[in-house]
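Below is one structure, written out as structure tokens; the observations come after it.
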Amino acid sequence: MLQLRYFASLRESLGIGDEQVELPDNVHDLPGLTRWLQERDPTWKSALADSRLHVAINQEIVKVDAAIRDGDEIAWFPPVTGG
Amino acid sequence: MLQLRYFASLRESLGIGDEQVELPDNVHDLPGLTRWLQERDPTWKSALADSRLHVAINQEIVKVDAAIRDGDEIAWFPPVTGG
Amino acid sequence: MIRVQTEDFDAGAELEQLRSSHKGQAGAMVSFTGLVRDLNAGDTVTQMTLEHYPGMTEKALQRIEQVANERWELTATLIIHRVGPLTPNNNIVFVAAASCHREQAFRACEYMIDTLKTEAPFWKKETLSDGTRWVEQENSV
Amino acid sequence: MIRVQTEDFDAGAELEQLRSSHKGQAGAMVSFTGLVRDLNAGDTVTQMTLEHYPGMTEKALQRIEQVANERWELTATLIIHRVGPLTPNNNIVFVAAASCHREQAFRACEYMIDTLKTEAPFWKKETLSDGTRWVEQENSV
């Protein structure tokens, strides 16, 4: 299982803040997971196409080609604006 | 009349914090006043020889060759250490 | 120490705490307080809501504090960030550093707030008279 | 605003005052608090006495505040300096700047305390276990 999380404007665009999905067989990295989500639903297709989005795996910011393992928590969010 | 003021370690070296003196006839600037004070008393002679001392005239820091006028308030003090 | 909370904080009490926890050792304390402004990008803001990523937020703040303590000689540091609905002039964030040397305290405090603003997962949403909008990164204070 | 006083100050109350005097305009407040350390140049300090030049002190602090307000975009500034006898961990000085922009507040606050330390006529005398000594400029925090 993967724990997926969406924050802020992305959460609002998608209409959900988190979901659990089975790790798809052919998904081994972030580009693969993103593609799988985009093919699953047109809302994800456009929302995850935003190049400004950051991704954290297990609560650490990762690069765009990061590996994905079963059990990971993957979060997408826009640039942070706290402080 | 001149109002003379001494602060901090200089005040302690001289034993007084302020005094009033008549403006000497031949004194027109700070070097002249300093010389006059040093000739007046050996304690002043050594104490005012400290090149680190700052001088303020009428509560504004001045350069070593500043002019002196009757009625001025002249203060000598070591480098400041507040804050 | 780091804290993420919905409640307000008392900057004076926090500074007092920072001071008394290191009696006589620190000569300098520098603090930054971030406040909700009533105007942003020319529009009147009536409310500001802070969303965050629980878990990751705490890790990010702890790392910021840790790096600051590695880079500078500090006797104490503190980061407090509020989340949830806030109104103009409310406190948002408080960052403080205590040190024997004022320059170290300034550099550490500024580093912590600068890094928080680019790395800690908080997002601001403004309520204006005619709707809401998410704050863009370049608009933040 | 500037104040020279023998009494202690409450940093929190001062920050609160700074904040409420500019409701909603300032997004950032930076403060510096200077404290009496219990150790200086390796020696235990039991008391610290602050001497100043009444009249010139106020002028110097006002000029520092004025220059800060000319150089940076500030909504409020404050300088408080204590004089007379103090003990370790006591407050000595409080400098604060409020601005719409945090970088401006940091620069202004640091400018004010840096300039105060080189231009405002205050002198520190320490009481040690075996006597007293005037603090030398290079030893100050």
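By order of appearance in the structure tokens: chains A, B, ..., then residues from 1 within every chain, and ligands from 1 in the order shown.
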- Item | Shell around Val67 (chain D) at 12 Å using only C-alpha atoms, local window under 5 positions removed, as number ranges by chain | D: 60-62, 72-74, 77, 108-109, 111-112, 115-116
The selected residues should be written to file as an mmCIF file, in the first residue's frame (atoms: all heavy atoms).
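Final file, selection.cif:
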```cif
data_model
loop_
_atom_site.group_PDB
_atom_site.id
_atom_site.type_symbol
_atom_site.label_atom_id
_atom_site.label_comp_id
_atom_site.auth_asym_id
_atom_site.auth_seq_id
_atom_site.Cartn_x
_atom_site.Cartn_y
_atom_site.Cartn_z
ATOM 1 N N ALA D 60 22.107 60.732 20.998
ATOM 2 C CA ALA D 60 22.751 59.676 20.205
ATOM 3 C C ALA D 60 21.728 58.593 19.830
ATOM 4 O O ALA D 60 21.671 58.144 18.679
ATOM 5 C CB ALA D 60 23.908 59.068 20.992
ATOM 6 N N LEU D 61 20.893 58.203 20.792
ATOM 7 C CA LEU D 61 19.911 57.150 20.508
ATOM 8 C C LEU D 61 18.860 57.644 19.511
ATOM 9 O O LEU D 61 18.437 56.900 18.625
ATOM 10 C CB LEU D 61 19.239 56.683 21.804
ATOM 11 C CG LEU D 61 20.165 56.042 22.846
ATOM 12 C CD1 LEU D 61 19.360 55.538 24.042
ATOM 13 C CD2 LEU D 61 20.996 54.913 22.256
ATOM 14 N N GLN D 62 18.453 58.920 19.667
ATOM 15 C CA GLN D 62 17.474 59.463 18.716
ATOM 16 C C GLN D 62 18.032 59.503 17.301
ATOM 17 O O GLN D 62 17.331 59.209 16.337
ATOM 18 C CB GLN D 62 17.036 60.872 19.145
ATOM 19 C CG GLN D 62 15.866 60.840 20.123
ATOM 20 C CD GLN D 62 15.776 62.070 20.992
ATOM 21 O OE1 GLN D 62 16.576 63.003 20.867
ATOM 22 N NE2 GLN D 62 14.806 62.086 21.893
ATOM 23 N N TRP D 72 15.692 52.295 6.152
ATOM 24 C CA TRP D 72 14.836 51.135 5.938
ATOM 25 C C TRP D 72 13.369 51.513 6.087
ATOM 26 O O TRP D 72 13.045 52.501 6.746
ATOM 27 C CB TRP D 72 15.208 50.020 6.920
ATOM 28 C CG TRP D 72 16.583 49.478 6.656
ATOM 29 C CD1 TRP D 72 16.939 48.610 5.674
ATOM 30 C CD2 TRP D 72 17.785 49.789 7.376
ATOM 31 N NE1 TRP D 72 18.293 48.354 5.735
ATOM 32 C CE2 TRP D 72 18.828 49.060 6.763
ATOM 33 C CE3 TRP D 72 18.070 50.612 8.476
ATOM 34 C CZ2 TRP D 72 20.147 49.131 7.222
ATOM 35 C CZ3 TRP D 72 19.378 50.687 8.926
ATOM 36 C CH2 TRP D 72 20.413 49.951 8.300
ATOM 37 N N GLU D 73 12.495 50.701 5.461
ATOM 38 C CA GLU D 73 11.049 50.940 5.555
ATOM 39 C C GLU D 73 10.519 50.330 6.835
ATOM 40 O O GLU D 73 10.263 49.126 6.890
ATOM 41 C CB GLU D 73 10.341 50.238 4.403
ATOM 42 C CG GLU D 73 10.285 50.996 3.109
ATOM 43 C CD GLU D 73 9.566 50.143 2.076
ATOM 44 O OE1 GLU D 73 8.353 49.905 2.258
ATOM 45 O OE2 GLU D 73 10.222 49.695 1.127
ATOM 46 N N LEU D 74 10.340 51.145 7.847
ATOM 47 C CA LEU D 74 9.939 50.623 9.148
ATOM 48 C C LEU D 74 8.601 51.231 9.565
ATOM 49 O O LEU D 74 8.301 52.377 9.232
ATOM 50 C CB LEU D 74 11.015 50.959 10.181
ATOM 51 C CG LEU D 74 12.444 50.517 9.796
ATOM 52 C CD1 LEU D 74 13.455 51.060 10.793
ATOM 53 C CD2 LEU D 74 12.538 49.009 9.681
ATOM 54 N N THR D 77 10.029 51.700 15.642
ATOM 55 C CA THR D 77 11.330 51.325 16.205
ATOM 56 C C THR D 77 11.339 51.658 17.692
ATOM 57 O O THR D 77 10.570 52.502 18.152
ATOM 58 C CB THR D 77 12.497 52.086 15.536
ATOM 59 O OG1 THR D 77 12.188 53.482 15.518
ATOM 60 C CG2 THR D 77 12.750 51.607 14.131
ATOM 61 N N ALA D 108 17.619 46.765 10.117
ATOM 62 C CA ALA D 108 17.451 47.952 10.965
ATOM 63 C C ALA D 108 17.788 47.634 12.421
ATOM 64 O O ALA D 108 18.474 48.406 13.093
ATOM 65 C CB ALA D 108 16.020 48.470 10.851
ATOM 66 N N CYS D 109 17.319 46.492 12.905
ATOM 67 C CA CYS D 109 17.578 46.133 14.304
ATOM 68 C C CYS D 109 19.082 45.954 14.524
ATOM 69 O O CYS D 109 19.644 46.462 15.499
ATOM 70 C CB CYS D 109 16.809 44.856 14.666
ATOM 71 S SG CYS D 109 16.940 44.403 16.410
ATOM 72 N N TYR D 111 21.537 47.201 12.694
ATOM 73 C CA TYR D 111 22.186 48.504 12.575
ATOM 74 C C TYR D 111 22.084 49.287 13.887
ATOM 75 O O TYR D 111 23.067 49.863 14.365
ATOM 76 C CB TYR D 111 21.545 49.326 11.441
ATOM 77 C CG TYR D 111 21.942 50.780 11.488
ATOM 78 C CD1 TYR D 111 23.164 51.201 10.982
ATOM 79 C CD2 TYR D 111 21.120 51.729 12.099
ATOM 80 C CE1 TYR D 111 23.554 52.522 11.063
ATOM 81 C CE2 TYR D 111 21.502 53.053 12.193
ATOM 82 C CZ TYR D 111 22.717 53.448 11.674
ATOM 83 O OH TYR D 111 23.110 54.755 11.774
ATOM 84 N N MET D 112 20.892 49.291 14.469
ATOM 85 C CA MET D 112 20.687 50.088 15.685
ATOM 86 C C MET D 112 21.551 49.592 16.835
ATOM 87 O O MET D 112 22.190 50.393 17.530
ATOM 88 C CB MET D 112 19.207 50.129 16.059
ATOM 89 C CG MET D 112 18.371 50.978 15.081
ATOM 90 S SD MET D 112 16.700 51.352 15.688
ATOM 91 C CE MET D 112 15.927 49.733 15.516
ATOM 92 N N THR D 115 25.352 50.241 16.050
ATOM 93 C CA THR D 115 25.711 51.653 16.136
ATOM 94 C C THR D 115 25.670 52.135 17.579
ATOM 95 O O THR D 115 26.532 52.897 18.034
ATOM 96 C CB THR D 115 24.778 52.486 15.237
ATOM 97 O OG1 THR D 115 24.729 51.873 13.959
ATOM 98 C CG2 THR D 115 25.284 53.914 15.084
ATOM 99 N N LEU D 116 24.671 51.666 18.315
ATOM 100 C CA LEU D 116 24.597 52.001 19.742
ATOM 101 C C LEU D 116 25.889 51.595 20.446
ATOM 102 O O LEU D 116 26.432 52.355 21.256
ATOM 103 C CB LEU D 116 23.395 51.279 20.358
ATOM 104 C CG LEU D 116 23.051 51.541 21.821
ATOM 105 C CD1 LEU D 116 21.565 51.220 22.054
ATOM 106 C CD2 LEU D 116 23.892 50.748 22.791
#
```
- Task: Write out as a PyMOL selection string each polymer residue whose atoms come within 8 Å of region 25-33 of chain C, counting only C-alpha atoms; drop sequence neighbours fewer than 5 positions from it.
- Result: (chain C and resi 11+15+19+75+91-102+105-106+109-110+113) or (chain D and resi 28-39+89+141)
- Task: Determine, counting only C-alpha atoms, which protein, DNA and RNA residues have an atom within 10 Å of an atom of Gln59 (chain B); residues of the same chain fewer than 6 positions away are not included. Present the result as a PyMOL selection string.
- Result: (chain B and resi 72-75) or (chain D and resi 53-60+121)
Next, the residues of the selection above should be written as an mmCIF file, in the first residue's frame with N, CA and C atoms.
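Dumped to selection.cif:
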```
data_model
loop_
_atom_site.group_PDB
_atom_site.id
_atom_site.type_symbol
_atom_site.label_atom_id
_atom_site.label_comp_id
_atom_site.auth_asym_id
_atom_site.auth_seq_id
_atom_site.Cartn_x
_atom_site.Cartn_y
_atom_site.Cartn_z
ATOM 1 N N ASP B 72 30.868 76.615 25.678
ATOM 2 C CA ASP B 72 30.826 75.217 25.234
ATOM 3 C C ASP B 72 30.859 74.232 26.409
ATOM 4 N N GLU B 73 30.231 73.061 26.156
ATOM 5 C CA GLU B 73 30.351 71.932 27.088
ATOM 6 C C GLU B 73 31.263 70.922 26.411
ATOM 7 N N ILE B 74 32.410 70.644 27.037
ATOM 8 C CA ILE B 74 33.396 69.747 26.424
ATOM 9 C C ILE B 74 33.536 68.500 27.303
ATOM 10 N N ALA B 75 33.378 67.330 26.675
ATOM 11 C CA ALA B 75 33.427 66.072 27.435
ATOM 12 C C ALA B 75 34.497 65.151 26.864
ATOM 13 N N TYR D 53 26.126 59.431 29.694
ATOM 14 C CA TYR D 53 26.294 60.880 29.582
ATOM 15 C C TYR D 53 24.899 61.460 29.338
ATOM 16 N N PRO D 54 24.192 61.787 30.406
ATOM 17 C CA PRO D 54 22.801 62.257 30.260
ATOM 18 C C PRO D 54 22.738 63.440 29.289
ATOM 19 N N GLY D 55 21.786 63.434 28.428
ATOM 20 C CA GLY D 55 21.662 64.504 27.429
ATOM 21 C C GLY D 55 22.251 64.015 26.113
ATOM 22 N N MET D 56 23.554 63.745 26.109
ATOM 23 C CA MET D 56 24.166 63.241 24.882
ATOM 24 C C MET D 56 23.629 61.845 24.551
ATOM 25 N N THR D 57 23.400 61.039 25.568
ATOM 26 C CA THR D 57 22.882 59.679 25.341
ATOM 27 C C THR D 57 21.585 59.722 24.543
ATOM 28 N N GLU D 58 20.657 60.531 25.007
ATOM 29 C CA GLU D 58 19.346 60.612 24.351
ATOM 30 C C GLU D 58 19.502 61.101 22.906
ATOM 31 N N LYS D 59 20.364 62.099 22.727
ATOM 32 C CA LYS D 59 20.587 62.587 21.351
ATOM 33 C C LYS D 59 21.150 61.495 20.462
ATOM 34 N N ALA D 60 22.107 60.732 20.998
ATOM 35 C CA ALA D 60 22.751 59.676 20.205
ATOM 36 C C ALA D 60 21.728 58.593 19.830
ATOM 37 N N PRO D 121 26.993 57.040 24.304
ATOM 38 C CA PRO D 121 27.910 57.188 25.438
ATOM 39 C C PRO D 121 27.459 56.443 26.699
#
```
- Name the residues of chain A that come out as helix (DSSP H, G or I) in a backbone DSSP run; write them as a ChimeraX atom specification. /A:8-14,30-40,42-47
Export C-alpha atoms of the chosen residues as an mmCIF file, in the first residue's frame?
```cif
data_model
loop_
_atom_site.group_PDB
_atom_site.id
_atom_site.type_symbol
_atom_site.label_atom_id
_atom_site.label_comp_id
_atom_site.auth_asym_id
_atom_site.auth_seq_id
_atom_site.Cartn_x
_atom_site.Cartn_y
_atom_site.Cartn_z
ATOM 1 C CA ALA A 8 -3.196 23.297 0.118
ATOM 2 C CA SER A 9 -4.361 24.382 -3.373
ATOM 3 C CA LEU A 10 -3.578 20.920 -4.768
ATOM 4 C CA ARG A 11 -5.801 19.292 -2.111
ATOM 5 C CA GLU A 12 -8.594 21.661 -3.139
ATOM 6 C CA SER A 13 -8.109 20.996 -6.863
ATOM 7 C CA LEU A 14 -8.244 17.225 -6.335
ATOM 8 C CA LEU A 30 8.033 8.869 -8.728
ATOM 9 C CA PRO A 31 7.673 9.504 -12.494
ATOM 10 C CA GLY A 32 5.999 6.086 -12.803
ATOM 11 C CA LEU A 33 3.605 6.791 -9.937
ATOM 12 C CA THR A 34 2.751 10.248 -11.251
ATOM 13 C CA ARG A 35 2.036 8.808 -14.717
ATOM 14 C CA TRP A 36 -0.142 6.078 -13.207
ATOM 15 C CA LEU A 37 -2.169 8.648 -11.217
ATOM 16 C CA GLN A 38 -2.525 10.882 -14.272
ATOM 17 C CA GLU A 39 -3.778 8.019 -16.378
ATOM 18 C CA ARG A 40 -6.209 7.025 -13.637
ATOM 19 C CA PRO A 42 -8.073 13.546 -15.746
ATOM 20 C CA THR A 43 -8.209 15.755 -12.621
ATOM 21 C CA TRP A 44 -4.857 14.286 -11.508
ATOM 22 C CA LYS A 45 -3.586 14.557 -15.099
ATOM 23 C CA SER A 46 -3.800 18.339 -15.077
ATOM 24 C CA ALA A 47 -3.176 18.953 -11.345
#
```
Distance limit 8 Å, atoms considered: only C-alpha atoms. Which chain B residues sit that close to chain D? Return them as a CSV table (one decimal) with all heavy atoms, in the first residue's frame.
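File part17.csv, as written:
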```csv
chain,number,residue,atom,x,y,z
B,7,PHE,N,34.2,61.2,31.9
B,7,PHE,CA,33.4,60.0,32.2
B,7,PHE,C,34.2,58.7,32.4
B,7,PHE,O,35.3,58.6,31.9
B,7,PHE,CB,32.4,59.8,31.0
B,7,PHE,CG,31.3,60.8,31.0
B,7,PHE,CD1,31.4,61.9,30.2
B,7,PHE,CD2,30.2,60.7,31.8
B,7,PHE,CE1,30.4,62.9,30.1
B,7,PHE,CE2,29.2,61.7,31.8
B,7,PHE,CZ,29.3,62.8,31.0
B,8,ALA,N,33.5,57.8,33.1
B,8,ALA,CA,34.0,56.4,33.2
B,8,ALA,C,35.4,56.4,33.8
B,8,ALA,O,35.7,57.0,34.8
B,8,ALA,CB,33.9,55.7,31.9
B,9,SER,N,36.3,55.6,33.2
B,9,SER,CA,37.6,55.4,33.8
B,9,SER,C,38.4,56.8,33.9
B,9,SER,O,39.2,57.0,34.8
B,9,SER,CB,38.5,54.4,33.0
B,9,SER,OG,38.5,54.8,31.7
B,59,GLN,N,27.8,67.9,23.3
B,59,GLN,CA,27.2,66.6,23.2
B,59,GLN,C,27.3,66.0,21.7
B,59,GLN,O,26.5,65.1,21.4
B,59,GLN,CB,25.8,66.6,23.7
B,59,GLN,CG,25.8,67.2,25.2
B,59,GLN,CD,24.4,67.1,25.8
B,59,GLN,OE1,23.4,66.8,25.2
B,59,GLN,NE2,24.4,67.3,27.1
B,60,GLU,N,28.2,66.5,20.9
B,60,GLU,CA,28.4,65.9,19.6
B,60,GLU,C,29.9,65.5,19.6
B,60,GLU,O,30.8,66.4,19.8
B,60,GLU,CB,28.1,66.9,18.5
B,60,GLU,CG,26.7,67.4,18.4
B,60,GLU,CD,25.8,66.5,17.8
B,60,GLU,OE1,26.3,65.5,17.1
B,60,GLU,OE2,24.5,66.7,17.9
B,79,PRO,N,36.5,54.9,24.9
B,79,PRO,CA,35.5,54.3,23.9
B,79,PRO,C,34.3,53.7,24.6
B,79,PRO,O,34.5,53.2,25.7
B,79,PRO,CB,36.4,53.2,23.3
B,79,PRO,CG,37.8,53.7,23.4
B,79,PRO,CD,37.8,54.4,24.7
B,80,VAL,N,33.2,53.9,24.0
B,80,VAL,CA,31.9,53.5,24.7
B,80,VAL,C,31.8,52.0,24.7
B,80,VAL,O,32.3,51.3,23.8
B,80,VAL,CB,30.7,54.1,24.0
B,80,VAL,CG1,30.9,55.7,24.0
B,80,VAL,CG2,30.5,53.6,22.6
B,81,THR,N,31.1,51.4,25.7
B,81,THR,CA,31.0,50.0,25.9
B,81,THR,C,29.5,49.6,26.3
B,81,THR,O,29.3,48.5,26.9
B,81,THR,CB,31.9,49.5,26.9
B,81,THR,OG1,31.7,50.2,28.1
B,81,THR,CG2,33.4,49.7,26.5
B,82,GLY,N,28.5,50.4,25.9
B,82,GLY,CA,27.2,50.0,26.2
B,82,GLY,C,26.6,48.9,25.3
B,82,GLY,O,27.3,48.3,24.5
B,83,GLY,N,25.3,48.7,25.5
B,83,GLY,CA,24.6,47.7,24.7
B,83,GLY,C,24.7,46.3,25.2
B,83,GLY,O,25.4,46.0,26.1
```
